[in-house]
Amino acid sequence: MEIIENLNWAIIAPFFIIQLILLLVAIIDLVKIEKTNGPKWLWAIIILVVNIIGPILYFVIGRRNN
Amino acid sequence: MSQFVVLLKKELLESWRNFKWIWMPLTFILLGVMDPITQNYLPKILDTMGDLPEGAVIQLPVPSAEEVISMSLANIDMLGILILVLASMGIIAGERKSGVAAMILVKPVSHHYFVMSKWLSSLLLMWISLFLGLLASWYYTGLLFEFIPFSDFLLSFVLYGIWLSLVITITIFYNAFLKTPGLVGFISLATIIILNMVSGILTEWLAWSPARLMSYASQSLMQDGLPENTIASIVLTVLIMIVLLFTSVFIFRKKELAV
Amino acid sequence: MSIISVNGLRKSFNGLEIIKGIDFSLQEGNCIALLGPNGAGKTTTLRMLSGLMEPTTGTITFRNGTKGEDIRKYIGYLPQYPVFYDWMTGFEFLMYVGELGGLSKKKSKEKSLQLLELVGISEAKNRKVGKYSGGMKQRLGIAQAIIHDPLLLMLDEPVSALDPFGRREVLELLEKLKKQMTILFSTHILNDAEEVCDELLFLHNGQLVESGTLESLRNRHQKSKIDLEFKEKPEKYLNSITESGLISSMNVEGNKASITVVNLDEAKQTIFQHASTNNWPLTKFEISRLTLEDLFMEVVQK
């Protein structure tokens, strides 16, 4: 059981790190950006609460380009 | 030519500033590692966490490494395409809608270069993201199952990349004459889904269809050499891309930007 | 030499004709105002001249009209609402547009800095355009329009959206630029046109109703008007001067008479003569001018 847990961690860690980076970049961008499609606070919630999909959704449709 | 470089640089800078170069590769990597991880741990998780009746034994067939990588391909084929289309649906349409395209195109800018720079920058981003995503899938599959030859991985990557290149070209094509990014996204996805469905049903008839490249990419993992009809399918895909690109430039030039 | 000439220009949208056949040619080095009320077709005309729109019929010839030449490199254009890439800085945008206009990287950089100075936004050059105010965007718009040293600069309502200060500054800028290039700008405000331009084109309902140099238009339309006021009904007095042939039109209302005359000096003398010999019960004698403003109003109200 312990062996499995050790292995588990080393392999799954990058998965969580990537998620974390996505989340951080999305939040930093959200703070800096002037306007989003829809209210900003809503996007903040989506990014923070919805795992993985949240930040990606924000980048794909939340950001207003031009 | 130097004007093309200026336009391309602008596109790359833009996708860097709006973080596309960060989130797109990362998303593809996530899509790539998802299947190896779940396929490896799913039985164990079910084993330890599921409250199964005493004595019940779960018998899940252990997939082969090739099968796991094709699952990643299938995963990317759904979500990856959705993301690619949504990320490039406004690349020209958005600029026309906002009016900035008119500011640029009153300058002596070649319409060819304008469209091509957007096409190429989207393509670059896609190929790199796809490479990283599939590489992650290959590596994780190797760790958790077994390593398959790198050349096999490369082959299926290239085959699948060609299909995604067409996906991007289709999106650029609709961008050239529609002004609403949302509409571009919708019609592009509809086109791709229909193409996929029809090719999936009429496999015999449409063996050359570009949409078959996805299954050729995963078949190539299971067997030696290229699956039948792969070359024909590649040639057809490239031809369609060229035709679409030329038509987009033609329509784009005819279309009145300012209206 | 004419820099651009337009022949039988027509434009329809969905069967509705917006531009109904206009002809004109612009002389190199002039500053020309395209004048007309909102909806006259000014923007459509400018868009066709800049190559953003194709005329339905008619031709636009640039200079001697070399076939197949890209005329966009000779043209600078500022739309009514200039739009930029919000994620670029003002300096980056100018650099970009300069390079697209055919300047080398070095040249474009030089020119950008110089223009930022000229239009007065160099302190904001490293700020994102998304954070610019409306007036700053208008200035950046002018800078981007002239970065490739065009021969013809076209501006669509360049001052309409500005406050009086901004308006003043932009007009002064145009005054400066006038020495370097031909300028065509649209406006619905006659004052702006009179201030910087030497030539006017009046557009109304898609037709060119009047055009010419300021001077010639004044001579043609600036009629003199004499307003008279009497103690009683004036008809019986005025009969004597209507026969003189000096009067082009007369309008009597109550005790007042408004007389448009052909030759002011002669008319004045005749009226004075008649007034003193016949002992007119005059209470008021006033000379006024029909200005271009009146002409403009006349055209618009027709």
# chains A, B, ... in the order shown; residues from 1 in each chain; ligands from 1

$ residues_around --residues "Lys176 (chain C)" --least-positions-apart "4" --cutoff "12 Å" --atoms "only C-alpha atoms" --output "ChimeraX atom specification"
/C:31,118-119,169-172,180-183,196

$ residues_around --residues "Tyr58 (chain A)" --least-positions-apart "5" --cutoff "10 Å" --atoms "only C-alpha atoms" --output "ChimeraX atom specification"
/A:23,26-27,29-30,36-37,43-44,46-47,53,63-64

$ write_last_selection --atoms "N, CA and C atoms" --output "PDB file, in the first residue's frame"
ATOM      1  N   LEU A  23      -4.286  27.768 -13.355  1.00  0.00           N
ATOM      2  CA  LEU A  23      -5.122  28.557 -12.457  1.00  0.00           C
ATOM      3  C   LEU A  23      -4.477  29.902 -12.138  1.00  0.00           C
ATOM      4  N   ALA A  26      -4.442  32.233 -15.169  1.00  0.00           N
ATOM      5  CA  ALA A  26      -5.783  32.748 -15.415  1.00  0.00           C
ATOM      6  C   ALA A  26      -6.140  33.847 -14.421  1.00  0.00           C
ATOM      7  N   ILE A  27      -5.804  33.629 -13.166  1.00  0.00           N
ATOM      8  CA  ILE A  27      -6.136  34.637 -12.151  1.00  0.00           C
ATOM      9  C   ILE A  27      -5.349  35.926 -12.371  1.00  0.00           C
ATOM     10  N   ASP A  29      -4.144  37.038 -15.126  1.00  0.00           N
ATOM     11  CA  ASP A  29      -4.689  37.706 -16.306  1.00  0.00           C
ATOM     12  C   ASP A  29      -6.013  38.387 -15.980  1.00  0.00           C
ATOM     13  N   LEU A  30      -6.825  37.708 -15.214  1.00  0.00           N
ATOM     14  CA  LEU A  30      -8.139  38.252 -14.867  1.00  0.00           C
ATOM     15  C   LEU A  30      -8.000  39.552 -14.078  1.00  0.00           C
ATOM     16  N   THR A  36     -14.001  41.558 -19.339  1.00  0.00           N
ATOM     17  CA  THR A  36     -14.172  40.173 -19.751  1.00  0.00           C
ATOM     18  C   THR A  36     -15.557  40.020 -20.375  1.00  0.00           C
ATOM     19  N   ASN A  37     -15.767  38.905 -21.031  1.00  0.00           N
ATOM     20  CA  ASN A  37     -17.106  38.579 -21.503  1.00  0.00           C
ATOM     21  C   ASN A  37     -17.904  38.139 -20.288  1.00  0.00           C
ATOM     22  N   TRP A  43     -16.186  35.056 -13.367  1.00  0.00           N
ATOM     23  CA  TRP A  43     -15.035  34.318 -13.897  1.00  0.00           C
ATOM     24  C   TRP A  43     -14.076  33.910 -12.796  1.00  0.00           C
ATOM     25  N   ALA A  44     -13.916  34.807 -11.802  1.00  0.00           N
ATOM     26  CA  ALA A  44     -13.041  34.463 -10.679  1.00  0.00           C
ATOM     27  C   ALA A  44     -13.539  33.172 -10.016  1.00  0.00           C
ATOM     28  N   ILE A  46     -15.503  30.825 -11.365  1.00  0.00           N
ATOM     29  CA  ILE A  46     -15.339  29.690 -12.285  1.00  0.00           C
ATOM     30  C   ILE A  46     -13.897  29.185 -12.273  1.00  0.00           C
ATOM     31  N   ILE A  47     -12.939  30.141 -12.363  1.00  0.00           N
ATOM     32  CA  ILE A  47     -11.531  29.743 -12.410  1.00  0.00           C
ATOM     33  C   ILE A  47     -11.147  28.990 -11.133  1.00  0.00           C
ATOM     34  N   ILE A  53     -11.130  22.677 -16.012  1.00  0.00           N
ATOM     35  CA  ILE A  53     -11.958  23.290 -17.047  1.00  0.00           C
ATOM     36  C   ILE A  53     -12.110  24.805 -16.825  1.00  0.00           C
ATOM     37  N   ARG A  63     -11.955  35.715 -21.987  1.00  0.00           N
ATOM     38  CA  ARG A  63     -11.132  36.843 -22.420  1.00  0.00           C
ATOM     39  C   ARG A  63     -11.785  37.522 -23.597  1.00  0.00           C
ATOM     40  N   ARG A  64     -11.850  38.826 -23.540  1.00  0.00           N
ATOM     41  CA  ARG A  64     -12.386  39.555 -24.677  1.00  0.00           C
ATOM     42  C   ARG A  64     -11.196  40.060 -25.485  1.00  0.00           C
TER      43      ARG A  64
END

$ interface_residues --of "chain C" --to "chain B" --cutoff "10 Å" --atoms "only C-alpha atoms" --output "number ranges by chain"
C: 13, 44, 47-48, 50-54, 70-79, 81-88, 92-93, 96-105, 141, 144-145, 148

$ interface_residues --of "chain A" --to "chain B" --cutoff "7 Å" --atoms "only C-alpha atoms" --output "PDB file with C-alpha atoms, in the first residue's frame"
ATOM      1  CA  PHE A  15      -0.673  16.839 -13.209  1.00  0.00           C
ATOM      2  CA  ILE A  18       0.050  22.056 -14.437  1.00  0.00           C
ATOM      3  CA  LEU A  22      -3.180  27.279 -15.416  1.00  0.00           C
ATOM      4  CA  VAL A  60     -11.232  30.368 -24.475  1.00  0.00           C
ATOM      5  CA  ASN A  66     -10.040  43.579 -28.848  1.00  0.00           C
TER       6      ASN A  66
END

$ select_by_dssp --residues "region 134-295 of chain C" --states "helix (DSSP H, G or I)" --output "PyMOL selection string"
chain C and resi 134-146+164-177+190-196+214-221+235-242+264-278+292-295

$ atom_distance --atom1 "CA of Ser151 (chain B)" --atom2 "CA of Gln223 (chain B)"
12.5 Å

$ residues_around --residues "Leu246 (chain C)" --least-positions-apart "4" --cutoff "7 Å" --atoms "only C-alpha atoms" --output "list in words"
Val261, Val262, Asn263 and Ala267 of chain C

$ write_last_selection --atoms "C-alpha atoms" --output "mmCIF file, in the first residue's frame"
data_model
loop_
_atom_site.group_PDB
_atom_site.id
_atom_site.type_symbol
_atom_site.label_atom_id
_atom_site.label_comp_id
_atom_site.auth_asym_id
_atom_site.auth_seq_id
_atom_site.Cartn_x
_atom_site.Cartn_y
_atom_site.Cartn_z
ATOM 1 C CA VAL C 261 -29.334 92.468 -54.707
ATOM 2 C CA VAL C 262 -26.967 91.757 -57.542
ATOM 3 C CA ASN C 263 -24.615 94.638 -57.011
ATOM 4 C CA ALA C 267 -28.278 99.096 -55.136
#

$ residues_around --residues "Thr57 (chain C)" --least-positions-apart "2" --cutoff "6 Å" --atoms "only C-alpha atoms" --output "PyMOL selection string"
chain C and resi 9-10+55

$ write_last_selection --atoms "N, CA and C atoms" --output "PDB file, in the first residue's frame"
ATOM      1  N   LEU C   9     -19.113  57.863 -59.945  1.00  0.00           N
ATOM      2  CA  LEU C   9     -19.043  56.937 -58.817  1.00  0.00           C
ATOM      3  C   LEU C   9     -20.436  56.653 -58.246  1.00  0.00           C
ATOM      4  N   ARG C  10     -20.771  55.367 -58.180  1.00  0.00           N
ATOM      5  CA  ARG C  10     -22.050  54.956 -57.592  1.00  0.00           C
ATOM      6  C   ARG C  10     -21.813  53.809 -56.646  1.00  0.00           C
ATOM      7  N   PRO C  55     -16.500  50.464 -55.697  1.00  0.00           N
ATOM      8  CA  PRO C  55     -17.670  51.172 -56.212  1.00  0.00           C
ATOM      9  C   PRO C  55     -18.561  50.185 -56.964  1.00  0.00           C
TER      10      PRO C  55
END

$ residues_around --residues "Asp198 (chain C)" --least-positions-apart "5" --cutoff "12 Å" --atoms "only C-alpha atoms" --output "PyMOL selection string"
chain C and resi 26-27+29-34+175+178+182-185+192-193+211-218

$ write_last_selection --atoms "N, CA and C atoms" --output "mmCIF file, in the first residue's frame"
data_model
loop_
_atom_site.group_PDB
_atom_site.id
_atom_site.type_symbol
_atom_site.label_atom_id
_atom_site.label_comp_id
_atom_site.auth_asym_id
_atom_site.auth_seq_id
_atom_site.Cartn_x
_atom_site.Cartn_y
_atom_site.Cartn_z
ATOM 1 N N LEU C 26 -9.327 65.920 -57.386
ATOM 2 C CA LEU C 26 -8.635 66.699 -56.368
ATOM 3 C C LEU C 26 -7.257 67.088 -56.873
ATOM 4 N N GLN C 27 -6.903 68.347 -56.655
ATOM 5 C CA GLN C 27 -5.600 68.834 -57.092
ATOM 6 C C GLN C 27 -4.548 68.554 -56.028
ATOM 7 N N GLY C 29 -1.708 68.922 -53.466
ATOM 8 C CA GLY C 29 -1.282 70.014 -52.615
ATOM 9 C C GLY C 29 -2.423 70.783 -51.982
ATOM 10 N N ASN C 30 -3.633 70.511 -52.372
ATOM 11 C CA ASN C 30 -4.772 71.220 -51.799
ATOM 12 C C ASN C 30 -5.254 70.569 -50.511
ATOM 13 N N CYS C 31 -6.049 71.348 -49.797
ATOM 14 C CA CYS C 31 -6.761 70.767 -48.670
ATOM 15 C C CYS C 31 -8.237 70.889 -48.998
ATOM 16 N N ILE C 32 -8.896 69.750 -49.061
ATOM 17 C CA ILE C 32 -10.279 69.728 -49.519
ATOM 18 C C ILE C 32 -11.179 69.208 -48.406
ATOM 19 N N ALA C 33 -12.313 69.868 -48.205
ATOM 20 C CA ALA C 33 -13.265 69.381 -47.212
ATOM 21 C C ALA C 33 -14.431 68.734 -47.924
ATOM 22 N N LEU C 34 -14.801 67.573 -47.434
ATOM 23 C CA LEU C 34 -15.980 66.895 -47.958
ATOM 24 C C LEU C 34 -17.090 67.189 -46.959
ATOM 25 N N GLU C 175 -3.306 71.937 -40.356
ATOM 26 C CA GLU C 175 -2.719 73.130 -40.972
ATOM 27 C C GLU C 175 -1.244 72.879 -41.298
ATOM 28 N N LYS C 178 -0.807 70.111 -44.084
ATOM 29 C CA LYS C 178 -1.251 70.629 -45.377
ATOM 30 C C LYS C 178 -0.073 70.962 -46.283
ATOM 31 N N THR C 182 -1.566 66.244 -49.727
ATOM 32 C CA THR C 182 -2.932 66.616 -50.051
ATOM 33 C C THR C 182 -3.844 66.054 -48.970
ATOM 34 N N ILE C 183 -4.784 66.855 -48.525
ATOM 35 C CA ILE C 183 -5.664 66.398 -47.457
ATOM 36 C C ILE C 183 -7.117 66.459 -47.897
ATOM 37 N N LEU C 184 -7.829 65.384 -47.642
ATOM 38 C CA LEU C 184 -9.266 65.371 -47.885
ATOM 39 C C LEU C 184 -9.910 64.958 -46.583
ATOM 40 N N PHE C 185 -10.736 65.838 -46.009
ATOM 41 C CA PHE C 185 -11.398 65.388 -44.795
ATOM 42 C C PHE C 185 -12.879 65.689 -44.798
ATOM 43 N N ASP C 192 -15.133 74.271 -39.488
ATOM 44 C CA ASP C 192 -13.891 73.503 -39.533
ATOM 45 C C ASP C 192 -13.341 73.486 -40.945
ATOM 46 N N ALA C 193 -14.262 73.306 -41.887
ATOM 47 C CA ALA C 193 -13.853 73.243 -43.278
ATOM 48 C C ALA C 193 -13.252 74.574 -43.710
ATOM 49 N N SER C 211 -19.428 72.380 -55.576
ATOM 50 C CA SER C 211 -18.018 72.205 -55.269
ATOM 51 C C SER C 211 -17.212 73.354 -55.834
ATOM 52 N N GLY C 212 -16.034 73.539 -55.327
ATOM 53 C CA GLY C 212 -15.166 74.590 -55.823
ATOM 54 C C GLY C 212 -14.293 75.142 -54.722
ATOM 55 N N THR C 213 -13.476 76.108 -55.058
ATOM 56 C CA THR C 213 -12.634 76.699 -54.037
ATOM 57 C C THR C 213 -13.519 77.577 -53.153
ATOM 58 N N LEU C 214 -13.037 77.820 -51.961
ATOM 59 C CA LEU C 214 -13.775 78.666 -51.029
ATOM 60 C C LEU C 214 -14.131 79.985 -51.695
ATOM 61 N N GLU C 215 -13.115 80.532 -52.357
ATOM 62 C CA GLU C 215 -13.249 81.828 -53.020
ATOM 63 C C GLU C 215 -14.372 81.808 -54.060
ATOM 64 N N SER C 216 -14.317 80.829 -54.937
ATOM 65 C CA SER C 216 -15.305 80.796 -56.012
ATOM 66 C C SER C 216 -16.702 80.557 -55.456
ATOM 67 N N LEU C 217 -16.789 79.746 -54.410
ATOM 68 C CA LEU C 217 -18.106 79.489 -53.814
ATOM 69 C C LEU C 217 -18.660 80.757 -53.187
ATOM 70 N N ARG C 218 -17.756 81.484 -52.545
ATOM 71 C CA ARG C 218 -18.196 82.744 -51.934
ATOM 72 C C ARG C 218 -18.733 83.677 -52.996
#

$ residues_around --residues "Asn175 (chain B)" --least-positions-apart "6" --cutoff "7 Å" --atoms "only C-alpha atoms" --output "compact mmCIF listing (two decimals) with C-alpha atoms, in the first residue's frame"
# COMPACT_ATOMS: atom_id res chain seq x y z
CA MET B 89 -12.70 31.46 -34.27
CA ILE B 92 -9.91 37.32 -38.49
CA ALA B 93 -13.62 37.71 -37.78
CA VAL B 184 -17.45 30.99 -37.18

$ atom_distance --atom1 "CA of Val238 (chain B)" --atom2 "CA of Asp152 (chain B)"
21.9 Å

$ residues_around --residues "Gly135 (chain C)" --least-positions-apart "4" --cutoff "12 Å" --atoms "only C-alpha atoms" --output "ChimeraX atom specification"
/C:81-82,119-121,129,131,139-142,158-170

$ write_last_selection --atoms "C-alpha atoms" --output "PDB file, in the first residue's frame"
ATOM      1  CA  TYR C  81     -13.707  55.697 -35.029  1.00  0.00           C
ATOM      2  CA  PRO C  82     -10.116  54.472 -35.182  1.00  0.00           C
ATOM      3  CA  VAL C 119       0.764  64.523 -32.197  1.00  0.00           C
ATOM      4  CA  GLY C 120       1.650  65.069 -28.562  1.00  0.00           C
ATOM      5  CA  ILE C 121       1.308  61.652 -26.973  1.00  0.00           C
ATOM      6  CA  VAL C 129      -3.670  51.498 -26.350  1.00  0.00           C
ATOM      7  CA  LYS C 131      -5.910  52.512 -21.733  1.00  0.00           C
ATOM      8  CA  ARG C 139      -4.083  61.487 -32.266  1.00  0.00           C
ATOM      9  CA  LEU C 140      -2.596  58.041 -32.549  1.00  0.00           C
ATOM     10  CA  GLY C 141      -4.981  57.561 -35.454  1.00  0.00           C
ATOM     11  CA  ILE C 142      -3.573  60.573 -37.244  1.00  0.00           C
ATOM     12  CA  PRO C 158     -11.466  63.872 -37.541  1.00  0.00           C
ATOM     13  CA  VAL C 159     -12.700  66.497 -35.099  1.00  0.00           C
ATOM     14  CA  SER C 160     -16.368  65.710 -34.529  1.00  0.00           C
ATOM     15  CA  ALA C 161     -15.801  63.579 -31.466  1.00  0.00           C
ATOM     16  CA  LEU C 162     -13.323  65.918 -29.803  1.00  0.00           C
ATOM     17  CA  ASP C 163     -13.798  68.601 -27.197  1.00  0.00           C
ATOM     18  CA  PRO C 164     -13.020  72.210 -28.208  1.00  0.00           C
ATOM     19  CA  PHE C 165      -9.387  71.900 -27.116  1.00  0.00           C
ATOM     20  CA  GLY C 166      -8.776  68.703 -28.974  1.00  0.00           C
ATOM     21  CA  ARG C 167     -10.558  70.144 -31.978  1.00  0.00           C
ATOM     22  CA  ARG C 168      -8.290  73.176 -32.006  1.00  0.00           C
ATOM     23  CA  GLU C 169      -5.181  71.030 -31.762  1.00  0.00           C
ATOM     24  CA  VAL C 170      -6.181  68.667 -34.513  1.00  0.00           C
TER      25      VAL C 170
END

$ closest_residue --among "A:Leu57, A:Leu24, A:Ala13, A:Ile33" --to "chain C" --atoms "only C-alpha atoms"
A:Ile33
